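Source file: protein_3.cif (mmCIF, C-alpha atoms and all ligand atoms)
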```cif
data_work
loop_
_atom_site.label_atom_id
_atom_site.label_comp_id
_atom_site.auth_asym_id
_atom_site.auth_seq_id
_atom_site.Cartn_x
_atom_site.Cartn_y
_atom_site.Cartn_z
CA MET A 515 -2.63 -14.02 16.46
CA ASN A 516 -0.01 -11.43 17.39
CA ARG A 517 2.64 -13.79 16.07
CA CYS A 518 0.63 -14.21 12.85
CA LEU A 519 0.70 -10.42 12.43
CA GLU A 520 4.47 -10.29 13.01
CA LEU A 521 5.00 -13.00 10.42
CA ALA A 522 2.58 -11.37 7.97
CA ALA A 523 4.40 -8.04 8.20
CA GLN A 524 7.54 -9.66 6.78
CA GLY A 525 5.78 -9.75 3.42
CA LYS A 526 5.17 -5.97 3.54
CA TYR A 527 7.12 -4.91 0.45
CA TYR A 528 6.47 -7.94 -1.71
CA VAL A 529 2.88 -9.24 -1.58
CA ALA A 530 0.74 -6.43 -3.06
CA PRO A 531 -1.90 -6.46 -4.42
CA ASN A 532 -2.31 -9.50 -2.16
CA PRO A 533 -2.69 -8.93 1.59
CA MET A 534 -0.01 -9.68 4.19
CA VAL A 535 -0.85 -12.98 5.89
CA GLY A 536 0.87 -15.01 8.59
CA CYS A 537 -0.15 -18.40 9.96
CA VAL A 538 0.88 -20.55 12.93
CA PHE A 539 0.07 -24.11 13.94
CA VAL A 540 -0.31 -24.61 17.69
CA LYS A 541 -0.21 -27.88 19.61
CA ASP A 542 -0.47 -28.18 23.41
CA ASN A 543 -0.22 -24.37 23.65
CA MET A 544 3.08 -24.34 21.76
CA ILE A 545 3.70 -22.94 18.30
CA VAL A 546 4.89 -25.92 16.28
CA SER A 547 5.00 -24.33 12.82
CA GLU A 548 4.99 -20.87 11.25
CA GLY A 549 4.50 -19.52 7.77
CA TYR A 550 3.68 -16.36 5.86
CA HIS A 551 2.93 -15.11 2.37
CA ARG A 552 6.38 -14.10 1.14
CA GLY A 553 5.54 -12.50 -2.18
CA PHE A 554 2.96 -12.17 -4.91
CA GLY A 555 2.55 -15.51 -6.70
CA MET A 556 4.20 -17.42 -3.85
CA PRO A 557 2.44 -19.94 -1.53
CA HIS A 558 -0.16 -18.57 0.84
CA ALA A 559 0.63 -18.42 4.57
CA GLU A 560 -1.45 -21.50 5.42
CA VAL A 561 0.37 -23.61 2.81
CA ASP A 562 3.74 -22.26 3.95
CA ALA A 563 3.02 -23.09 7.63
CA PHE A 564 1.67 -26.56 6.72
CA GLU A 565 4.81 -27.30 4.71
CA ASN A 566 6.97 -26.18 7.64
CA LEU A 567 5.24 -28.52 10.10
CA PRO A 568 7.69 -31.16 11.42
CA ASN A 569 6.95 -34.69 10.11
CA ASP A 570 6.32 -36.14 13.55
CA ILE A 571 3.45 -33.74 14.30
CA ASN A 572 -0.03 -34.58 13.07
CA ALA A 573 -1.64 -31.43 11.62
CA SER A 574 -5.09 -32.66 12.62
CA GLU A 575 -4.10 -32.35 16.30
CA CYS A 576 -3.22 -28.65 15.89
CA ASP A 577 -5.09 -25.37 16.19
CA ILE A 578 -4.41 -23.18 13.17
CA TYR A 579 -4.22 -19.38 13.56
CA VAL A 580 -4.30 -17.01 10.61
CA ASN A 581 -4.88 -13.23 10.47
CA LEU A 582 -7.08 -13.37 7.35
CA GLU A 583 -9.89 -15.66 6.30
CA PRO A 584 -8.46 -18.52 4.18
CA CYS A 585 -9.16 -18.06 0.49
CA SER A 586 -11.89 -20.05 -1.24
CA HIS A 587 -11.16 -19.34 -4.91
CA PHE A 588 -8.66 -20.78 -7.34
CA GLY A 589 -6.14 -17.98 -7.86
CA LYS A 590 -2.47 -18.61 -8.46
CA THR A 591 -2.70 -21.48 -5.93
CA PRO A 592 -5.52 -23.89 -4.88
CA PRO A 593 -7.83 -22.49 -2.18
CA CYS A 594 -6.55 -22.63 1.39
CA ALA A 595 -10.05 -23.29 2.78
CA GLU A 596 -9.84 -26.59 0.86
CA LEU A 597 -6.46 -27.39 2.42
CA ILE A 598 -7.86 -26.71 5.91
CA THR A 599 -10.82 -29.06 5.35
CA LYS A 600 -8.34 -31.77 4.29
CA ILE A 601 -6.16 -31.20 7.35
CA ARG A 602 -9.20 -31.23 9.69
CA PRO A 603 -7.47 -29.31 12.53
CA ASN A 604 -8.81 -29.08 16.08
CA ARG A 605 -10.06 -25.64 15.13
CA ILE A 606 -9.07 -22.66 13.02
CA VAL A 607 -8.85 -19.18 14.52
CA ILE A 608 -9.24 -16.29 12.09
CA GLY A 609 -8.38 -12.62 12.66
CA ALA A 610 -10.75 -10.99 10.16
CA GLN A 611 -12.84 -11.79 7.11
CA ASP A 612 -11.46 -11.26 3.64
CA PRO A 613 -13.02 -8.15 1.99
CA ASN A 614 -12.41 -9.54 -1.52
CA PRO A 615 -15.91 -10.36 -2.85
CA LEU A 616 -14.44 -13.56 -4.35
CA VAL A 617 -13.72 -14.81 -0.81
CA SER A 618 -15.61 -12.72 1.76
CA GLY A 619 -17.23 -15.25 4.09
CA LYS A 620 -17.09 -18.04 1.52
CA GLY A 621 -13.85 -19.49 2.90
CA ILE A 622 -15.40 -19.62 6.38
CA GLN A 623 -18.65 -21.11 5.02
CA HIS A 624 -16.72 -23.78 3.17
CA MET A 625 -14.87 -24.86 6.31
CA VAL A 626 -17.93 -24.68 8.61
CA GLY A 627 -19.86 -26.69 6.01
CA ALA A 628 -17.17 -29.35 6.20
CA GLY A 629 -17.57 -29.57 9.99
CA ILE A 630 -14.44 -27.60 10.95
CA THR A 631 -14.61 -25.48 14.12
CA VAL A 632 -14.01 -21.85 13.11
CA VAL A 633 -13.35 -19.04 15.60
CA GLU A 634 -13.62 -15.55 14.09
CA ASN A 635 -12.68 -11.93 14.83
CA ILE A 636 -9.64 -12.30 17.04
CA LEU A 637 -7.66 -9.02 17.12
CA SER A 638 -9.73 -8.02 14.11
CA ASP A 639 -8.87 -4.28 14.36
CA GLU A 640 -5.16 -5.08 14.33
CA CYS A 641 -5.63 -7.55 11.48
CA MET A 642 -7.56 -5.03 9.38
CA GLY A 643 -5.10 -2.29 10.34
CA LEU A 644 -2.12 -4.26 9.05
CA ASN A 645 -3.82 -4.68 5.67
CA LYS A 646 -5.48 -1.26 5.64
CA PHE A 647 -4.70 -0.68 1.92
CA PHE A 648 -6.31 -4.00 0.99
CA TYR A 649 -9.44 -3.46 3.11
CA SER A 650 -9.88 0.17 2.10
CA ALA A 651 -9.50 -0.53 -1.64
CA TYR A 652 -12.12 -3.29 -1.65
CA GLN A 653 -14.47 -1.21 0.46
CA ASN A 654 -14.19 2.02 -1.54
CA LYS A 655 -13.39 0.62 -5.01
CA VAL A 656 -10.51 3.08 -5.29
CA PRO A 657 -6.95 2.80 -3.97
CA PHE A 658 -5.97 3.92 -0.45
CA ILE A 659 -4.53 7.42 -0.98
CA THR A 660 -1.66 8.80 1.07
CA LEU A 661 -0.67 12.42 0.44
CA LYS A 662 2.89 13.24 1.45
CA TRP A 663 4.90 16.39 1.24
CA ALA A 664 7.64 18.34 2.98
CA GLU A 665 7.34 22.07 3.65
CA THR A 666 9.55 24.72 5.18
CA LYS A 667 8.85 26.27 8.56
CA ASP A 668 7.22 29.19 6.71
CA SER A 669 5.11 26.80 4.55
CA PHE A 670 6.85 26.65 1.17
CA ILE A 671 6.91 23.36 -0.71
CA GLY A 672 9.35 24.27 -3.46
CA ARG A 673 11.56 26.96 -5.00
CA LEU A 674 10.23 29.46 -7.52
CA GLU A 675 10.93 28.52 -11.15
CA ASN A 676 14.12 30.58 -11.65
CA ASP A 677 15.51 30.06 -8.18
CA SER A 678 18.42 27.62 -8.23
CA SER A 679 18.96 27.53 -4.44
CA ASN A 680 19.03 24.18 -2.66
CA ARG A 681 15.62 22.51 -3.04
CA LYS A 682 15.94 19.94 -0.26
CA ILE A 683 13.43 20.64 2.51
CA SER A 684 13.18 17.67 4.88
CA ASP A 685 16.04 16.45 7.03
CA GLN A 686 18.16 14.02 5.01
CA ARG A 687 17.98 11.55 7.91
CA ASN A 688 14.23 11.22 7.18
CA ASP A 689 14.88 9.96 3.63
CA ALA A 690 14.72 6.35 4.86
CA PHE A 691 11.23 7.02 6.27
CA VAL A 692 10.06 8.62 3.02
CA HIS A 693 11.49 5.83 0.89
CA ASP A 694 9.88 3.21 3.14
CA LEU A 695 6.58 4.96 2.35
CA ARG A 696 7.35 4.66 -1.37
CA ALA A 697 8.22 0.98 -1.05
CA SER A 698 5.07 0.25 0.98
CA HIS A 699 2.72 1.75 -1.61
CA GLN A 700 2.02 0.05 -4.93
CA ALA A 701 2.13 3.30 -6.88
CA ILE A 702 3.51 6.83 -6.57
CA LEU A 703 1.74 9.74 -8.26
CA VAL A 704 2.88 13.21 -9.33
CA GLY A 705 1.56 15.92 -11.61
CA ALA A 706 3.14 16.95 -14.93
CA ILE A 707 4.63 20.15 -13.49
CA THR A 708 6.57 18.25 -10.82
CA LEU A 709 7.89 15.81 -13.41
CA THR A 710 8.98 18.63 -15.72
CA GLN A 711 10.47 20.97 -13.11
CA ASP A 712 12.01 18.53 -10.63
CA ASN A 713 12.70 15.51 -12.84
CA PRO A 714 12.39 13.23 -9.77
CA LEU A 715 13.41 9.56 -10.00
CA LEU A 716 10.46 8.48 -7.80
CA ASN A 717 12.19 5.23 -6.89
CA VAL A 718 13.30 3.53 -3.68
CA ARG A 719 16.91 4.14 -2.73
CA TYR A 720 17.05 4.46 1.07
CA SER A 721 14.81 1.55 2.09
CA ASP A 722 14.26 -2.13 1.36
CA GLY A 723 11.50 -3.00 -1.06
CA LYS A 724 10.80 -2.47 -4.71
CA ASP A 725 10.06 0.67 -6.73
CA PRO A 726 6.39 1.63 -6.93
CA ILE A 727 4.63 1.98 -10.27
CA LYS A 728 4.84 5.63 -11.32
CA ILE A 729 1.64 7.49 -12.16
CA ILE A 730 1.88 10.85 -13.95
CA LEU A 731 -1.12 13.12 -14.46
CA SER A 732 -0.64 15.07 -17.67
CA PRO A 733 -3.99 15.99 -19.28
CA ASN A 734 -2.33 17.71 -22.27
CA LEU A 735 0.52 15.21 -22.49
CA SER A 736 2.88 18.12 -21.95
CA ILE A 737 5.61 16.05 -20.29
CA ASP A 738 9.02 15.35 -21.80
CA MET A 739 8.85 11.73 -22.94
CA GLU A 740 12.65 11.56 -22.62
CA ALA A 741 12.59 12.39 -18.88
CA SER A 742 14.89 10.07 -16.94
CA THR A 743 12.00 8.95 -14.68
CA LEU A 744 10.35 7.32 -17.69
CA LYS A 745 13.45 5.26 -18.53
CA ILE A 746 13.25 3.05 -15.45
CA GLY A 747 10.48 0.92 -13.96
CA HIS A 748 6.85 1.02 -15.06
CA THR A 749 5.06 4.34 -15.67
CA ILE A 750 1.43 5.11 -16.46
CA VAL A 751 0.70 8.56 -17.89
CA TYR A 752 -2.97 9.55 -17.68
CA ASN A 753 -3.90 12.06 -20.35
CA SER A 754 -6.73 13.19 -22.59
CA LYS A 755 -4.94 12.73 -25.95
CA THR A 756 -3.93 9.17 -26.67
CA SER A 757 -3.47 5.57 -25.50
CA ILE A 758 -0.26 3.76 -26.47
CA LYS A 759 2.02 1.31 -24.74
CA LYS A 760 5.67 1.63 -25.55
CA ASP A 761 8.35 -0.27 -23.63
CA ASN A 762 7.76 0.42 -19.95
CA VAL A 763 5.59 3.53 -20.43
CA GLU A 764 1.85 3.30 -20.85
CA LEU A 765 -0.12 6.33 -22.02
CA VAL A 766 -3.72 5.99 -20.91
CA LEU A 767 -6.41 8.15 -22.51
CA LEU A 768 -9.26 9.28 -20.27
CA GLU A 769 -12.11 10.74 -22.32
CA ASN A 770 -13.26 12.53 -19.21
CA PHE A 771 -10.10 13.56 -17.35
CA THR A 772 -11.06 13.64 -13.68
CA LEU A 773 -9.27 12.49 -10.57
CA SER A 774 -12.16 10.17 -9.85
CA ASN A 775 -11.71 8.46 -13.24
CA VAL A 776 -7.96 8.14 -12.64
CA LEU A 777 -8.57 6.47 -9.27
CA HIS A 778 -11.21 4.10 -10.61
CA ASP A 779 -8.90 3.08 -13.44
CA LEU A 780 -6.08 2.41 -10.96
CA TYR A 781 -8.39 0.21 -8.89
CA GLN A 782 -9.33 -1.74 -12.03
CA ARG A 783 -5.60 -2.37 -12.47
CA ASN A 784 -5.46 -3.91 -8.98
CA ILE A 785 -3.56 -0.97 -7.54
CA HIS A 786 -4.67 -0.74 -3.91
CA SER A 787 -2.41 2.05 -2.62
CA VAL A 788 -1.10 5.30 -4.08
CA LEU A 789 1.38 7.72 -2.53
CA VAL A 790 0.84 11.24 -3.91
CA GLU A 791 4.08 13.22 -3.69
CA GLY A 792 3.29 16.43 -5.52
CA GLY A 793 3.34 19.06 -6.52
CA ALA A 794 1.37 21.69 -4.65
CA LYS A 795 -1.39 21.89 -7.26
CA THR A 796 -1.91 18.13 -7.50
CA LEU A 797 -1.88 17.71 -3.71
CA GLN A 798 -4.36 20.58 -3.27
CA HIS A 799 -6.63 18.97 -5.86
CA PHE A 800 -6.71 15.73 -3.84
CA ILE A 801 -7.33 17.69 -0.61
CA ASP A 802 -10.13 19.84 -2.08
CA LEU A 803 -11.94 16.79 -3.50
CA GLU A 804 -11.33 14.90 -0.23
CA TYR A 805 -9.68 12.05 -2.11
CA TRP A 806 -7.31 10.97 0.63
CA ASP A 807 -7.09 8.48 3.49
CA GLU A 808 -3.91 9.64 5.17
CA ILE A 809 -1.75 12.76 4.95
CA ILE A 810 1.86 12.82 6.08
CA LYS A 811 3.48 16.23 6.28
CA LEU A 812 7.13 16.85 7.14
CA LYS A 813 7.81 20.36 8.39
CA SER A 814 11.41 21.50 8.45
CA SER A 815 12.98 23.89 10.92
CA GLU A 816 14.23 26.25 8.18
CA SER A 817 12.52 29.24 6.61
CA TRP A 818 12.98 30.29 2.96
CA ASN A 819 11.05 33.57 2.90
CA ASP A 820 9.74 32.85 -0.60
CA GLY A 821 8.89 29.94 -2.87
CA VAL A 822 5.89 27.90 -3.99
CA PRO A 823 3.26 27.86 -1.22
CA ALA A 824 2.56 24.45 0.35
CA PRO A 825 -0.93 22.91 0.09
CA HIS A 826 -3.46 24.32 2.49
CA LEU A 827 -5.04 22.03 5.09
CA SER A 828 -7.69 23.34 7.43
CA ILE A 829 -7.66 20.43 9.87
CA GLU A 830 -5.51 19.46 12.82
CA PRO A 831 -3.27 16.36 12.67
CA ASN A 832 -4.21 13.20 14.60
CA ARG A 833 -0.64 12.99 15.81
CA LYS A 834 2.73 14.70 15.48
CA LYS A 835 6.23 13.57 16.15
CA LYS A 836 9.65 15.16 16.09
CA SER A 837 11.96 13.28 13.77
CA PHE A 838 15.49 14.70 13.62
CA ASN A 839 15.03 18.38 12.60
CA ASP A 840 11.56 17.85 11.14
CA ILE A 841 8.13 17.60 12.70
CA ILE A 842 6.07 14.88 11.03
CA SER A 843 2.28 15.33 11.22
CA PHE A 844 -0.15 12.48 10.47
CA TYR A 845 -3.74 13.13 9.43
CA ASN A 846 -6.16 10.22 9.20
CA ARG A 847 -9.67 10.14 7.88
CA SER A 848 -11.88 7.98 10.00
ZN ZN A 901 -5.02 -18.93 0.33
#
```

Will you turn the file into structure tokens for me?
Ligand SMILES: [Zn+2]
Amino acid sequence: MNRCLELAAQGKYYVAPNPMVGCVFVKDNMIVSEGYHRGFGMPHAEVDAFENLPNDINASECDIYVNLEPCSHFGKTPPCAELITKIRPNRIVIGAQDPNPLVSGKGIQHMVGAGITVVENILSDECMGLNKFFYSAYQNKVPFITLKWAETKDSFIGRLENDSSNRKISDQRNDAFVHDLRASHQAILVGAITLTQDNPLLNVRYSDGKDPIKIILSPNLSIDMEASTLKIGHTIVYNSKTSIKKDNVELVLLENFTLSNVLHDLYQRNIHSVLVEGGAKTLQHFIDLEYWDEIIKLKSSESWNDGVPAPHLSIEPNRKKKSFNDIISFYNRS
């Protein structure tokens, strides 16, 4: 099962909104085939491992291990539970059930009904932890929310409007970490003020993986539609004025503009994870309403003496680590 998790993790940047899944076939206590879900729309892990099985090995003499319950519905590929019942392995060992109501327990039922031996809940915490975005989104019907910001030693998150001093706060050597966060989330969200004042690109430059979908909150549609961020990738602008889709920018009207409505709409779009990067007002809004699952704060070793105050958090981090000249604090909601 540990090997399944290692294999699954290789799909990290490419499978969303699907989960990361790895699968191994074992015969006489030896792994004889491996597979994983490589990307959205590509074969599932079980199919991949089955196809990789050497011709001289009979699949029905193997134990199959997979970190997630095999699917039971016809999605982009035929259901894997069906494949398993055709293979008729010695047994199948499953890490954790699938939280997707289309599958949840039905894949297992299908196989048990066909007389297959199914072993469940092996390393289930690790299996659910690897796909925490996927599990959390199905459980809460809103995306997994990560809040991330960098602040100075004296707790400023940005320069004042007319201050043209250097705006960079975190240690440049932590950019790869921050961009890995961007690439691991399906979407990145900022408020209108951040877009207007900082004109950030919000893409992935210092990590593998693809650019997240950009989400802008602009109730009055006050943003500059010519901003360079809007020229690349896919952007959704939530507002209370109009709905139009033009090129790669989608304006989405919310009659009742609340964060809750934004999050529910994102979930409906199959977005299971959102990284909120700013600014101070938007982050504070998420904190005050307790709409977050994880907070990642980078604190630099420099002081600015003035600037825009960082969001206020009244809780202690679950863990902290020194990373180059920054201290990174992690807060998790249990
Ligand atoms: Zn499947």

Original post:
Which protein, DNA or RNA residues have an atom at most 9 Å from (11.9, 27.4, 13.5), counting only C-alpha atoms? List them as a VMD selection string.
Top reply: chain A and resid 667 to 668 814 to 817

Would you mind exporting the chosen residues as a PDB file, in the coordinates of the input, restricted to C-alpha atoms?
```pdb
ATOM      1  CA  LYS A 667       8.850  26.270   8.560  1.00  0.00           C
ATOM      2  CA  ASP A 668       7.220  29.190   6.710  1.00  0.00           C
ATOM      3  CA  SER A 814      11.410  21.500   8.450  1.00  0.00           C
ATOM      4  CA  SER A 815      12.980  23.890  10.920  1.00  0.00           C
ATOM      5  CA  GLU A 816      14.230  26.250   8.180  1.00  0.00           C
ATOM      6  CA  SER A 817      12.520  29.240   6.610  1.00  0.00           C
TER       7      SER A 817
END
```

Taking all atoms listed in the file into account, report as a tab-separated table (two decimals) with C-alpha atoms, in the frame of the given file which residues have an atom no farther than 8 Å from an atom of ligand ZN 901 (chain A).
```tsv
chain	number	residue	atom	x	y	z
A	557	PRO	CA	2.44	-19.94	-1.53
A	558	HIS	CA	-0.16	-18.57	0.84
A	559	ALA	CA	0.63	-18.42	4.57
A	560	GLU	CA	-1.45	-21.50	5.42
A	561	VAL	CA	0.37	-23.61	2.81
A	584	PRO	CA	-8.46	-18.52	4.18
A	585	CYS	CA	-9.16	-18.06	0.49
A	586	SER	CA	-11.89	-20.05	-1.24
A	591	THR	CA	-2.70	-21.48	-5.93
A	592	PRO	CA	-5.52	-23.89	-4.88
A	593	PRO	CA	-7.83	-22.49	-2.18
A	594	CYS	CA	-6.55	-22.63	1.39
A	595	ALA	CA	-10.05	-23.29	2.78
```

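Using only C-alpha atoms, the smallest distance between any of A:His587, A:Lys728, A:Lys795, A:Arg833 and A:Val763 comes from A:Lys728.
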
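The neighbours of stretch 637-642 of chain A here are the residues that come within 8 Å of it, using all atoms listed in the file and leaving out any residue fewer than 3 positions away in the same chain; they are Met515, Leu519, Asn581, Leu582, Gly609, Ala610, Asn645, Lys646 and Tyr649 of chain A.
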
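The gap separating atom CA of A:Ala530 from atom CA of A:Gln700 is 6.9 Å, in Å to one decimal.
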
Original post:
Which residue, A:Arg605, A:Lys662, A:His699, A:Arg783, has the smallest gap to A:Tyr845 when you use all atoms listed in the file?
Top reply: A:Lys662

Original post:
Do you know which residues are at most 8 Å from A:Ala824 counting all atoms listed in the file, after dropping those on the same chain fewer than 3 positions away, and could you put them as a list of chain:residue names?
Top reply: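 So, after excluding close chain neighbours, the residues are A:Glu665, A:Ser669, A:Phe670, A:Ile671, A:Gly672, A:Ala794.
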
Could those residues be written to a file, using C-alpha atoms, as a PDB file, in the frame of the given file?
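What landed in out.pdb:
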```pdb
ATOM      1  CA  GLU A 665       7.340  22.070   3.650  1.00  0.00           C
ATOM      2  CA  SER A 669       5.110  26.800   4.550  1.00  0.00           C
ATOM      3  CA  PHE A 670       6.850  26.650   1.170  1.00  0.00           C
ATOM      4  CA  ILE A 671       6.910  23.360  -0.710  1.00  0.00           C
ATOM      5  CA  GLY A 672       9.350  24.270  -3.460  1.00  0.00           C
ATOM      6  CA  ALA A 794       1.370  21.690  -4.650  1.00  0.00           C
TER       7      ALA A 794
END
```

Subject >> 8 Å contact set for A:Phe838, only C-alpha atoms, chain neighbours under 2 positions out, as a list of chain:residue names >> reply: A:Asp685, A:Arg687, A:Asn688, A:Lys836, A:Asp840, A:Ile841

Original post:
Any idea what the distance is between atom CA of A:Gly793 and atom CA of A:Trp663?
Top reply: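 According to the coordinates, atom CA of A:Gly793 and atom CA of A:Trp663 are separated by 8.4 Å.
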
Subject >> Two-atom distance - atom CA of A:Asp694, atom CA of A:Tyr550 (Å) >> reply: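 Interatomic distance, atom CA of A:Asp694 to atom CA of A:Tyr550: 20.7 Å.
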
Subject >> Residues within 9 Å of A:Gln782, all atoms listed in the file, excluding chain neighbours under 3 positions, as an MDAnalysis selection string >> reply: chainID A and resid 655:656 777:779 785

**OP:** Would you mind telling me which residue in A:Tyr579, A:Ile702, A:Tyr528, A:Thr710 lies nearest to A:Lys541 when using only C-alpha atoms?
**Re:**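 Distance minimum relative to A:Lys541 lands on A:Tyr579.
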